[in-house]
$ cat query-v3.csv   # CSV, C-alpha atoms
chain,number,residue,atom,x,y,z
N,1,MET,CA,33.2,-4.4,53.0
N,2,ALA,CA,29.7,-3.1,53.3
N,3,PRO,CA,27.0,-5.5,52.2
N,4,GLU,CA,25.4,-4.9,48.9
N,5,ALA,CA,22.4,-6.6,47.3
N,6,HIS,CA,19.9,-6.0,44.7
N,7,SER,CA,16.3,-7.1,44.1
N,8,ASP,CA,14.1,-7.5,41.1
N,9,LYS,CA,10.4,-8.1,40.6
N,10,ASN,CA,9.6,-10.6,37.9
N,11,GLU,CA,6.2,-10.7,36.2
N,12,HIS,CA,4.7,-12.8,39.0
N,13,GLY,CA,5.7,-10.3,41.6
N,14,HIS,CA,8.3,-12.4,43.4
N,15,SER,CA,11.8,-11.3,44.4
N,16,HIS,CA,14.9,-13.0,43.1
N,17,ASP,CA,18.6,-12.6,43.0
N,18,ASP,CA,21.4,-11.9,40.6
N,19,GLY,CA,21.4,-13.2,37.0
N,20,HIS,CA,21.4,-11.9,33.5
N,21,ASP,CA,18.2,-12.9,31.8
N,22,HIS,CA,15.9,-11.1,34.1
N,23,HIS,CA,17.5,-7.8,33.1
N,24,ALA,CA,15.9,-7.9,29.7
N,25,PRO,CA,12.1,-7.4,29.5
N,26,VAL,CA,10.3,-9.7,27.2
N,27,VAL,CA,9.4,-8.5,23.7
N,28,THR,CA,6.0,-9.9,23.1
N,29,VAL,CA,5.3,-12.1,20.1
N,30,ASP,CA,1.8,-10.6,20.0
N,31,ASN,CA,3.1,-7.1,19.4
N,32,ALA,CA,5.5,-8.3,16.7
N,33,ARG,CA,2.6,-10.2,15.0
N,34,ARG,CA,0.4,-7.1,15.1
N,35,MET,CA,3.2,-5.0,13.5
N,36,LYS,CA,3.5,-7.6,10.7
N,37,TRP,CA,-0.2,-7.4,9.9
N,38,VAL,CA,-0.1,-3.6,9.8
N,39,PHE,CA,3.1,-3.6,7.7
N,40,GLY,CA,1.3,-5.7,5.1
N,41,LEU,CA,-1.8,-3.5,5.1
N,42,THR,CA,0.2,-0.3,4.9
N,43,LEU,CA,2.4,-1.4,2.0
N,44,GLY,CA,-0.5,-2.9,0.1
N,45,TYR,CA,-2.6,0.2,0.4
N,46,ALA,CA,0.4,2.4,-0.6
N,47,ALA,CA,0.4,0.6,-4.0
N,48,VAL,CA,-3.3,1.0,-4.4
N,49,GLN,CA,-3.1,4.7,-3.6
N,50,ALA,CA,-0.2,5.3,-6.0
N,51,VAL,CA,-2.1,3.7,-8.9
N,52,GLY,CA,-5.3,5.5,-7.9
N,53,GLY,CA,-3.5,8.8,-7.7
N,54,TRP,CA,-1.9,8.3,-11.1
N,55,LEU,CA,-5.3,7.4,-12.7
N,56,ALA,CA,-7.1,10.4,-11.0
N,57,GLY,CA,-4.3,12.8,-11.7
N,58,SER,CA,-4.2,13.6,-8.0
N,59,LEU,CA,-0.8,14.8,-6.7
N,60,ALA,CA,-2.3,14.7,-3.2
N,61,LEU,CA,-2.9,10.9,-3.4
N,62,ILE,CA,0.5,10.2,-5.0
N,63,ALA,CA,2.1,12.3,-2.3
N,64,ASP,CA,0.2,10.4,0.4
N,65,ALA,CA,1.2,7.1,-1.2
N,66,GLY,CA,4.8,8.2,-0.5
N,67,HIS,CA,3.7,9.0,3.0
N,68,MET,CA,2.4,5.4,3.3
N,69,VAL,CA,5.6,4.0,1.9
N,70,SER,CA,7.6,5.9,4.5
N,71,ASP,CA,5.3,4.5,7.2
N,72,ALA,CA,5.8,1.0,5.9
N,73,ALA,CA,9.5,1.6,6.1
N,74,ALA,CA,9.1,2.8,9.7
N,75,LEU,CA,7.1,-0.4,10.5
N,76,LEU,CA,9.8,-2.5,8.9
N,77,LEU,CA,12.4,-0.7,11.1
N,78,ALA,CA,10.2,-1.5,14.1
N,79,LEU,CA,10.0,-5.2,13.2
N,80,VAL,CA,13.8,-5.4,12.8
N,81,ALA,CA,14.1,-3.7,16.2
N,82,TYR,CA,11.8,-6.3,17.7
N,83,ARG,CA,14.0,-9.1,16.3
N,84,ILE,CA,17.2,-7.5,17.7
N,85,ALA,CA,15.6,-6.7,21.0
N,86,ALA,CA,14.5,-10.3,21.4
N,87,LYS,CA,18.1,-11.4,21.6
N,88,PRO,CA,19.0,-12.6,25.1
N,89,ALA,CA,21.3,-10.7,27.4
N,90,ASP,CA,24.9,-11.8,27.5
N,91,LYS,CA,28.0,-11.1,29.5
N,92,HIS,CA,28.8,-8.1,27.4
N,93,ARG,CA,25.3,-6.6,27.4
N,94,THR,CA,23.7,-7.7,30.7
N,95,TYR,CA,20.6,-5.6,30.0
N,96,GLY,CA,20.1,-7.1,26.6
N,97,PHE,CA,19.2,-5.2,23.5
N,98,GLN,CA,16.0,-3.5,24.7
N,99,ARG,CA,17.2,0.0,23.8
N,100,VAL,CA,17.1,-0.9,20.2
N,101,ARG,CA,13.3,-0.4,20.5
N,102,VAL,CA,13.8,3.0,22.0
N,103,LEU,CA,16.1,4.0,19.0
N,104,ALA,CA,13.4,2.7,16.6
N,105,ALA,CA,10.8,4.8,18.4
N,106,LEU,CA,13.0,7.8,18.2
N,107,ALA,CA,13.5,7.3,14.5
N,108,ASN,CA,9.8,6.9,14.0
N,109,GLY,CA,9.1,10.2,15.8
N,110,ALA,CA,11.8,12.0,14.0
N,111,GLY,CA,10.4,10.6,10.7
N,112,LEU,CA,7.0,11.9,11.5
N,113,LEU,CA,8.3,15.4,12.2
N,114,LEU,CA,10.3,15.4,8.9
N,115,LEU,CA,7.2,14.2,7.1
N,116,VAL,CA,5.2,17.1,8.6
N,117,VAL,CA,7.8,19.6,7.2
N,118,TRP,CA,7.5,18.0,3.8
N,119,ILE,CA,3.7,18.0,3.7
N,120,ILE,CA,3.6,21.7,4.7
N,121,TRP,CA,6.2,22.5,2.0
N,122,GLU,CA,4.2,20.7,-0.6
N,123,ALA,CA,1.0,22.3,0.5
N,124,ILE,CA,2.6,25.8,0.1
N,125,GLN,CA,3.6,24.9,-3.5
N,126,ARG,CA,0.1,23.7,-4.3
N,127,ILE,CA,-1.5,26.8,-2.9
N,128,ARG,CA,0.8,28.8,-5.2
N,129,GLU,CA,0.1,26.6,-8.2
N,130,PRO,CA,-3.2,24.7,-7.9
N,131,ALA,CA,-3.4,21.4,-9.8
N,132,PRO,CA,-6.5,19.9,-11.2
N,133,VAL,CA,-7.9,16.9,-9.3
N,134,MET,CA,-10.4,14.2,-10.3
N,135,ALA,CA,-12.4,14.3,-7.1
N,136,GLY,CA,-14.5,11.2,-7.7
N,137,PRO,CA,-11.6,8.7,-7.9
N,138,MET,CA,-9.8,10.6,-5.2
N,139,LEU,CA,-12.8,10.1,-2.9
N,140,THR,CA,-13.0,6.4,-3.6
N,141,VAL,CA,-9.3,5.8,-2.9
N,142,ALA,CA,-9.5,8.0,0.2
N,143,VAL,CA,-12.5,6.0,1.6
N,144,ILE,CA,-10.6,2.7,1.0
N,145,GLY,CA,-7.6,4.3,2.9
N,146,LEU,CA,-9.8,5.3,5.8
N,147,LEU,CA,-11.1,1.7,6.2
N,148,VAL,CA,-7.5,0.3,5.9
N,149,ASN,CA,-6.2,2.7,8.5
N,150,VAL,CA,-9.1,2.1,10.9
N,151,LEU,CA,-8.4,-1.6,10.8
N,152,ALA,CA,-4.6,-1.1,11.2
N,153,ALA,CA,-5.2,1.3,14.2
N,154,PHE,CA,-7.5,-1.3,15.8
N,155,ILE,CA,-4.9,-4.0,15.4
N,156,LEU,CA,-2.2,-1.9,17.1
N,157,ALA,CA,-4.5,-0.5,19.8
N,158,LYS,CA,-5.0,-4.0,21.1
N,159,GLY,CA,-1.3,-4.4,21.7
N,160,GLN,CA,0.8,-3.3,24.7
N,161,ARG,CA,0.7,0.5,24.5
N,162,ASN,CA,3.5,0.9,27.0
N,163,ASP,CA,5.8,-0.3,24.2
N,164,GLY,CA,7.3,2.9,22.7
N,165,ASN,CA,8.1,1.1,19.5
N,166,LEU,CA,4.5,0.0,19.0
N,167,ARG,CA,3.3,3.4,20.1
N,168,GLY,CA,5.4,5.0,17.4
N,169,ALA,CA,3.8,2.7,14.8
N,170,TYR,CA,0.4,3.5,16.2
N,171,LEU,CA,1.0,7.2,15.9
N,172,HIS,CA,2.0,6.7,12.2
N,173,ILE,CA,-1.2,5.0,11.6
N,174,ILE,CA,-3.3,7.7,13.3
N,175,GLY,CA,-1.5,10.2,11.1
N,176,ASP,CA,-2.5,8.2,8.1
N,177,LEU,CA,-6.1,7.9,9.4
N,178,LEU,CA,-6.3,11.7,9.8
N,179,GLY,CA,-4.9,12.1,6.3
N,180,SER,CA,-7.6,9.8,4.9
N,181,VAL,CA,-10.3,11.9,6.7
N,182,GLY,CA,-8.7,15.0,5.2
N,183,ALA,CA,-8.6,13.5,1.8
N,184,ILE,CA,-12.2,12.5,2.0
N,185,ALA,CA,-13.2,16.0,3.1
N,186,ALA,CA,-11.1,17.6,0.4
N,187,ALA,CA,-12.6,15.3,-2.3
N,188,ILE,CA,-16.1,16.1,-1.2
N,189,GLY,CA,-15.4,19.8,-1.1
N,190,ILE,CA,-13.8,19.7,-4.6
N,191,LEU,CA,-16.8,17.8,-5.9
N,192,LEU,CA,-19.2,20.4,-4.5
N,193,THR,CA,-17.3,23.6,-5.1
N,194,GLY,CA,-14.5,22.8,-7.6
N,195,TRP,CA,-12.1,24.6,-5.2
N,196,THR,CA,-8.9,22.5,-5.4
N,197,LEU,CA,-7.2,24.6,-2.7
N,198,LEU,CA,-9.1,22.5,-0.1
N,199,ASP,CA,-6.6,19.7,-0.6
N,200,PRO,CA,-3.4,21.5,0.5
N,201,LEU,CA,-5.2,23.4,3.2
N,202,LEU,CA,-6.5,20.3,4.9
N,203,SER,CA,-3.1,18.7,4.5
N,204,VAL,CA,-1.6,21.5,6.7
N,205,LEU,CA,-4.3,21.0,9.3
N,206,VAL,CA,-3.6,17.3,9.5
N,207,SER,CA,0.1,17.9,9.8
N,208,LEU,CA,-0.4,20.2,12.8
N,209,LEU,CA,-2.5,17.5,14.5
N,210,VAL,CA,0.4,15.0,14.1
N,211,VAL,CA,3.1,17.4,15.4
N,212,ARG,CA,2.1,17.1,19.0
N,213,SER,CA,2.1,13.3,19.1
N,214,ALA,CA,5.3,13.1,17.2
N,215,TRP,CA,7.1,15.5,19.5
N,216,LYS,CA,6.0,13.6,22.6
N,217,LEU,CA,7.3,10.4,21.1
N,218,VAL,CA,10.7,12.0,20.3
N,219,SER,CA,11.0,13.6,23.8
N,220,ASP,CA,10.0,10.4,25.6
N,221,SER,CA,12.7,8.5,23.6
N,222,VAL,CA,15.3,11.1,24.4
N,223,ARG,CA,14.4,10.9,28.1
N,224,VAL,CA,15.1,7.2,28.0
N,225,LEU,CA,18.4,7.5,26.1
N,226,LEU,CA,19.6,10.2,28.5
N,227,GLN,CA,18.7,7.9,31.5
N,228,ALA,CA,16.5,10.5,33.0
N,229,VAL,CA,14.7,10.0,36.3
N,230,PRO,CA,11.5,8.1,35.8
N,231,GLN,CA,8.4,10.3,35.4
N,232,GLY,CA,6.6,11.0,38.6
N,233,LEU,CA,9.6,10.3,40.8
N,234,ASP,CA,11.1,13.1,43.0
N,235,ILE,CA,14.6,12.1,44.1
N,236,GLU,CA,14.6,14.0,47.4
N,237,VAL,CA,11.1,12.8,48.3
N,238,ALA,CA,12.0,9.2,47.5
N,239,GLN,CA,15.2,9.3,49.5
N,240,ALA,CA,13.4,10.8,52.5
N,241,GLY,CA,10.8,8.0,52.2
N,242,LEU,CA,13.5,5.4,52.2
N,243,ALA,CA,15.1,6.9,55.3
N,244,SER,CA,11.7,6.7,57.2
N,245,LEU,CA,11.3,2.9,56.6
N,246,PRO,CA,11.6,0.6,59.6
N,247,GLY,CA,15.2,-0.5,60.2
N,248,ILE,CA,16.8,2.2,58.1
N,249,ALA,CA,18.5,5.1,59.9
N,250,GLU,CA,19.7,7.0,56.8
N,251,ALA,CA,19.5,6.8,53.0
N,252,GLY,CA,21.7,8.6,50.5
N,253,HIS,CA,23.4,8.5,47.2
N,254,PHE,CA,20.0,7.7,45.6
N,255,HIS,CA,19.9,7.5,41.8
N,256,ALA,CA,17.1,6.4,39.5
N,257,TRP,CA,17.0,6.2,35.8
N,258,THR,CA,15.0,4.9,32.9
N,259,LEU,CA,16.4,1.8,31.2
N,260,THR,CA,13.7,1.3,28.5
N,261,ASP,CA,10.2,2.5,27.9
N,262,ASP,CA,8.8,0.0,30.4
N,263,SER,CA,11.7,-0.6,32.9
N,264,SER,CA,13.5,1.6,35.4
N,265,ILE,CA,16.4,1.1,37.8
N,266,ALA,CA,17.6,2.6,41.1
N,267,SER,CA,20.6,2.4,43.4
N,268,VAL,CA,20.8,3.7,47.0
N,269,HIS,CA,23.0,3.6,50.1
N,270,VAL,CA,21.4,3.0,53.5
N,271,THR,CA,22.6,2.6,57.0
N,272,PRO,CA,20.9,0.3,59.6
N,273,ALA,CA,19.0,1.6,62.6
N,274,PRO,CA,20.2,0.3,66.0
N,275,GLY,CA,19.2,-3.3,66.4
N,276,ALA,CA,18.1,-3.7,62.7
N,277,ASP,CA,19.3,-6.7,60.6
N,278,PRO,CA,21.5,-5.2,57.8
N,279,LEU,CA,20.8,-8.1,55.5
N,280,ALA,CA,17.0,-7.3,55.6
N,281,LEU,CA,17.4,-3.7,54.4
N,282,PRO,CA,17.9,-4.4,50.7
N,283,GLY,CA,14.6,-6.3,50.5
N,284,ILE,CA,12.8,-3.6,52.5
N,285,ALA,CA,14.1,-0.8,50.3
N,286,ALA,CA,13.5,-2.6,47.0
N,287,ALA,CA,10.0,-3.6,47.9
N,288,TRP,CA,9.1,0.0,48.9
N,289,LEU,CA,10.5,1.4,45.6
N,290,GLN,CA,8.7,-1.2,43.6
N,291,GLU,CA,5.4,-0.4,45.4
N,292,GLN,CA,5.7,3.4,45.3
N,293,TYR,CA,7.4,4.0,41.9
N,294,SER,CA,7.3,0.6,40.0
N,295,ILE,CA,11.1,0.4,39.9
N,296,ASP,CA,11.8,-3.2,39.0
N,297,HIS,CA,15.6,-3.4,39.6
N,298,VAL,CA,17.1,-1.9,42.7
N,299,THR,CA,20.7,-2.1,44.0
N,300,VAL,CA,21.0,-1.4,47.7
N,301,GLN,CA,24.4,-0.9,49.5
N,302,VAL,CA,24.3,-1.1,53.3
N,303,ASP,CA,26.9,1.1,54.9
N,304,PRO,CA,27.9,1.0,58.6
N,305,PRO,CA,26.2,3.4,61.0
N,306,GLY,CA,27.5,6.9,60.3
N,307,GLY,CA,29.0,5.8,57.0
N,308,LEU,CA,26.9,8.2,54.9
N,309,ARG,CA,27.9,11.2,57.0
N,310,LEU,CA,31.6,10.2,56.6
N,311,GLU,CA,31.1,9.9,52.8
N,312,LYS,CA,29.6,13.4,52.6
N,313,HIS,CA,32.9,14.8,54.0
$ encode --input "query-v3.csv" --output "structure tokens"
Amino acid sequence: MAPEAHSDKNEHGHSHDDGHDHHAPVVTVDNARRMKWVFGLTLGYAAVQAVGGWLAGSLALIADAGHMVSDAAALLLALVAYRIAAKPADKHRTYGFQRVRVLAALANGAGLLLLVVWIIWEAIQRIREPAPVMAGPMLTVAVIGLLVNVLAAFILAKGQRNDGNLRGAYLHIIGDLLGSVGAIAAAIGILLTGWTLLDPLLSVLVSLLVVRSAWKLVSDSVRVLLQAVPQGLDIEVAQAGLASLPGIAEAGHFHAWTLTDDSSIASVHVTPAPGADPLALPGIAAAWLQEQYSIDHVTVQVDPPGGLRLEKH
């Protein structure tokens, strides 16, 4: 039987052998704590905004309060995902539950896109039938919202941004922040001109700004779930690079895919060059892939000389 081995890089950069726990990247307590703070801020301000909108007679503020509630729900989903993802790997799920985070990020992105559709629909209705707005109270509530969202964005920005789940929450908050800026501008415009159409028009502008970020979040999550090749990696170039390493005569059957937002995997077959130690090849190949492409889990099968050519036939 041809020798087969794998190599991983742990967080200290050392290689180690088979096991289960190293397959699951750590969900940081710091990220989860940041999400809890932002969840509390978002839900609390949603209540303030709903009351302020009702007192000011502002449908825009009431609608944005619903926006904030949906964001709070997304944050709650993300926190649940963190709790599930923190469960250790077992014999049935050797890579753990990390993809729950990816599913939550996908749900957040999809929720943002649906929210954009709803905002644009509401804006069209308000353009057709303008509603009176008490711009003074609207401005006060919007300024409070801006301060809350700046604080929430600062809290999340200090976390690990390579976490797609946290990034989804961050994009929600940025959308809220832009919404607050739009509400402030609309309130000032209404105070100065009395033109209530400023409110729905600015809502459409903010929605268009959110679309790009939301679409990227969805597309990145889909890439992970489809186990796409890690970004920046060309299969043919990587395979040729492996074949050029000392001690390796040939490399083939190279596969690489994305496990989670911060982890990738590869497998490859190699044959030893004359005089090379076959047992040394897995470590050589794994170290090179880690250095060149940050692939943290590599399985290498060493075939006898000429074995790859025989497999092609």
$ closest_atom_pairs --input "query-v3.csv" --of "region 186-296 of chain N" --to "region 106-124 of chain N" --cutoff "8 Å" --atoms "only C-alpha atoms" --output "Markdown table"
| residue | atom | partner | partner_atom | distance |
| --- | --- | --- | --- | --- |
| N:Pro200 | CA | N:Ala123 | CA | 4.5 |
| N:Leu201 | CA | N:Ala123 | CA | 6.9 |
| N:Ser203 | CA | N:Ala123 | CA | 6.8 |
| N:Val204 | CA | N:Ile120 | CA | 5.6 |
| N:Ser207 | CA | N:Val116 | CA | 5.3 |
| N:Leu208 | CA | N:Val116 | CA | 7.7 |
| N:Val210 | CA | N:Val116 | CA | 7.6 |
| N:Val211 | CA | N:Leu113 | CA | 6.4 |
| N:Ala214 | CA | N:Gly109 | CA | 5.0 |
| N:Trp215 | CA | N:Gly109 | CA | 6.8 |
| N:Leu217 | CA | N:Gly109 | CA | 5.6 |
| N:Val218 | CA | N:Gly109 | CA | 5.1 |
| N:Ser221 | CA | N:Leu106 | CA | 5.5 |
| N:Val222 | CA | N:Leu106 | CA | 7.4 |
$ atom_distance --input "query-v3.csv" --atom1 "CA of Thr196 (chain N)" --atom2 "CA of Met68 (chain N)"
22.3 Å
$ residues_around --input "query-v3.csv" --residues "Val270 (chain N)" --least-positions-apart "2" --cutoff "10 Å" --atoms "only C-alpha atoms" --output "PDB file with C-alpha atoms, in the coordinates of the input"
ATOM      1  CA  GLU N   4      25.400  -4.900  48.900  1.00  0.00           C
ATOM      2  CA  GLN N 239      15.200   9.300  49.500  1.00  0.00           C
ATOM      3  CA  LEU N 242      13.500   5.400  52.200  1.00  0.00           C
ATOM      4  CA  ALA N 243      15.100   6.900  55.300  1.00  0.00           C
ATOM      5  CA  GLY N 247      15.200  -0.500  60.200  1.00  0.00           C
ATOM      6  CA  ILE N 248      16.800   2.200  58.100  1.00  0.00           C
ATOM      7  CA  ALA N 249      18.500   5.100  59.900  1.00  0.00           C
ATOM      8  CA  GLU N 250      19.700   7.000  56.800  1.00  0.00           C
ATOM      9  CA  ALA N 251      19.500   6.800  53.000  1.00  0.00           C
ATOM     10  CA  GLY N 252      21.700   8.600  50.500  1.00  0.00           C
ATOM     11  CA  HIS N 253      23.400   8.500  47.200  1.00  0.00           C
ATOM     12  CA  PHE N 254      20.000   7.700  45.600  1.00  0.00           C
ATOM     13  CA  VAL N 268      20.800   3.700  47.000  1.00  0.00           C
ATOM     14  CA  PRO N 272      20.900   0.300  59.600  1.00  0.00           C
ATOM     15  CA  ALA N 273      19.000   1.600  62.600  1.00  0.00           C
ATOM     16  CA  PRO N 278      21.500  -5.200  57.800  1.00  0.00           C
ATOM     17  CA  LEU N 281      17.400  -3.700  54.400  1.00  0.00           C
ATOM     18  CA  PRO N 282      17.900  -4.400  50.700  1.00  0.00           C
ATOM     19  CA  ALA N 285      14.100  -0.800  50.300  1.00  0.00           C
ATOM     20  CA  VAL N 300      21.000  -1.400  47.700  1.00  0.00           C
ATOM     21  CA  GLN N 301      24.400  -0.900  49.500  1.00  0.00           C
ATOM     22  CA  VAL N 302      24.300  -1.100  53.300  1.00  0.00           C
ATOM     23  CA  ASP N 303      26.900   1.100  54.900  1.00  0.00           C
ATOM     24  CA  PRO N 304      27.900   1.000  58.600  1.00  0.00           C
ATOM     25  CA  PRO N 305      26.200   3.400  61.000  1.00  0.00           C
ATOM     26  CA  GLY N 306      27.500   6.900  60.300  1.00  0.00           C
ATOM     27  CA  GLY N 307      29.000   5.800  57.000  1.00  0.00           C
ATOM     28  CA  LEU N 308      26.900   8.200  54.900  1.00  0.00           C
TER      29      LEU N 308
END
$ residues_around --input "query-v3.csv" --residues "region 139-156 of chain N" --least-positions-apart "4" --cutoff "8 Å" --atoms "all atoms listed in the file" --output "list in words"
Asn31, Arg34, Met35, Trp37, Val38, Leu41, Thr42, Tyr45, Val48, Gln49, Gly52, Ala135, Leu166, Ala169, Tyr170, Ile173, Ile174, Asp176, Leu177, Ser180, Val181, Ala183, Ile184, Ala187 and Ile188 of chain N
$ atom_distance --input "query-v3.csv" --atom1 "CA of Gly232 (chain N)" --atom2 "CA of Gly96 (chain N)"
25.6 Å
$ decode --input "query-v3.csv" --residues "region 298-309 of chain N" --atoms "N, CA, C and O atoms" --output "mmCIF file, in the first residue's frame"
data_model
loop_
_atom_site.group_PDB
_atom_site.id
_atom_site.type_symbol
_atom_site.label_atom_id
_atom_site.label_comp_id
_atom_site.auth_asym_id
_atom_site.auth_seq_id
_atom_site.Cartn_x
_atom_site.Cartn_y
_atom_site.Cartn_z
ATOM 1 N N VAL N 298 -3.328 19.283 5.111
ATOM 2 C CA VAL N 298 -2.931 18.695 3.830
ATOM 3 C C VAL N 298 -2.787 17.186 3.985
ATOM 4 O O VAL N 298 -2.124 16.711 4.908
ATOM 5 N N THR N 299 -3.415 16.442 3.088
ATOM 6 C CA THR N 299 -3.251 14.992 3.031
ATOM 7 C C THR N 299 -2.429 14.657 1.790
ATOM 8 O O THR N 299 -2.790 15.063 0.682
ATOM 9 N N VAL N 300 -1.334 13.942 1.989
ATOM 10 C CA VAL N 300 -0.414 13.609 0.896
ATOM 11 C C VAL N 300 -0.304 12.098 0.779
ATOM 12 O O VAL N 300 0.015 11.421 1.767
ATOM 13 N N GLN N 301 -0.575 11.574 -0.395
ATOM 14 C CA GLN N 301 -0.372 10.146 -0.662
ATOM 15 C C GLN N 301 0.854 9.983 -1.552
ATOM 16 O O GLN N 301 0.955 10.623 -2.598
ATOM 17 N N VAL N 302 1.778 9.137 -1.110
ATOM 18 C CA VAL N 302 3.006 8.883 -1.858
ATOM 19 C C VAL N 302 2.828 7.597 -2.668
ATOM 20 O O VAL N 302 2.651 6.517 -2.101
ATOM 21 N N ASP N 303 2.843 7.738 -3.984
ATOM 22 C CA ASP N 303 2.714 6.598 -4.886
ATOM 23 C C ASP N 303 4.099 6.146 -5.351
ATOM 24 O O ASP N 303 5.053 6.928 -5.349
ATOM 25 N N PRO N 304 4.224 4.892 -5.756
ATOM 26 C CA PRO N 304 5.513 4.428 -6.275
ATOM 27 C C PRO N 304 5.870 5.134 -7.569
ATOM 28 O O PRO N 304 4.982 5.662 -8.255
ATOM 29 N N PRO N 305 7.168 5.169 -7.930
ATOM 30 C CA PRO N 305 7.570 5.818 -9.187
ATOM 31 C C PRO N 305 6.765 5.291 -10.369
ATOM 32 O O PRO N 305 6.586 4.086 -10.525
ATOM 33 N N GLY N 306 6.244 6.215 -11.162
ATOM 34 C CA GLY N 306 5.421 5.830 -12.306
ATOM 35 C C GLY N 306 3.974 5.586 -11.964
ATOM 36 O O GLY N 306 3.147 5.361 -12.850
ATOM 37 N N GLY N 307 3.628 5.627 -10.683
ATOM 38 C CA GLY N 307 2.258 5.322 -10.266
ATOM 39 C C GLY N 307 1.240 6.301 -10.790
ATOM 40 O O GLY N 307 0.121 5.929 -11.155
ATOM 41 N N LEU N 308 1.582 7.582 -10.852
ATOM 42 C CA LEU N 308 0.643 8.580 -11.349
ATOM 43 C C LEU N 308 0.352 8.376 -12.834
ATOM 44 O O LEU N 308 -0.778 8.539 -13.286
ATOM 45 N N ARG N 309 1.383 8.024 -13.600
ATOM 46 C CA ARG N 309 1.169 7.782 -15.018
ATOM 47 C C ARG N 309 0.266 6.579 -15.254
ATOM 48 O O ARG N 309 -0.594 6.580 -16.128
#
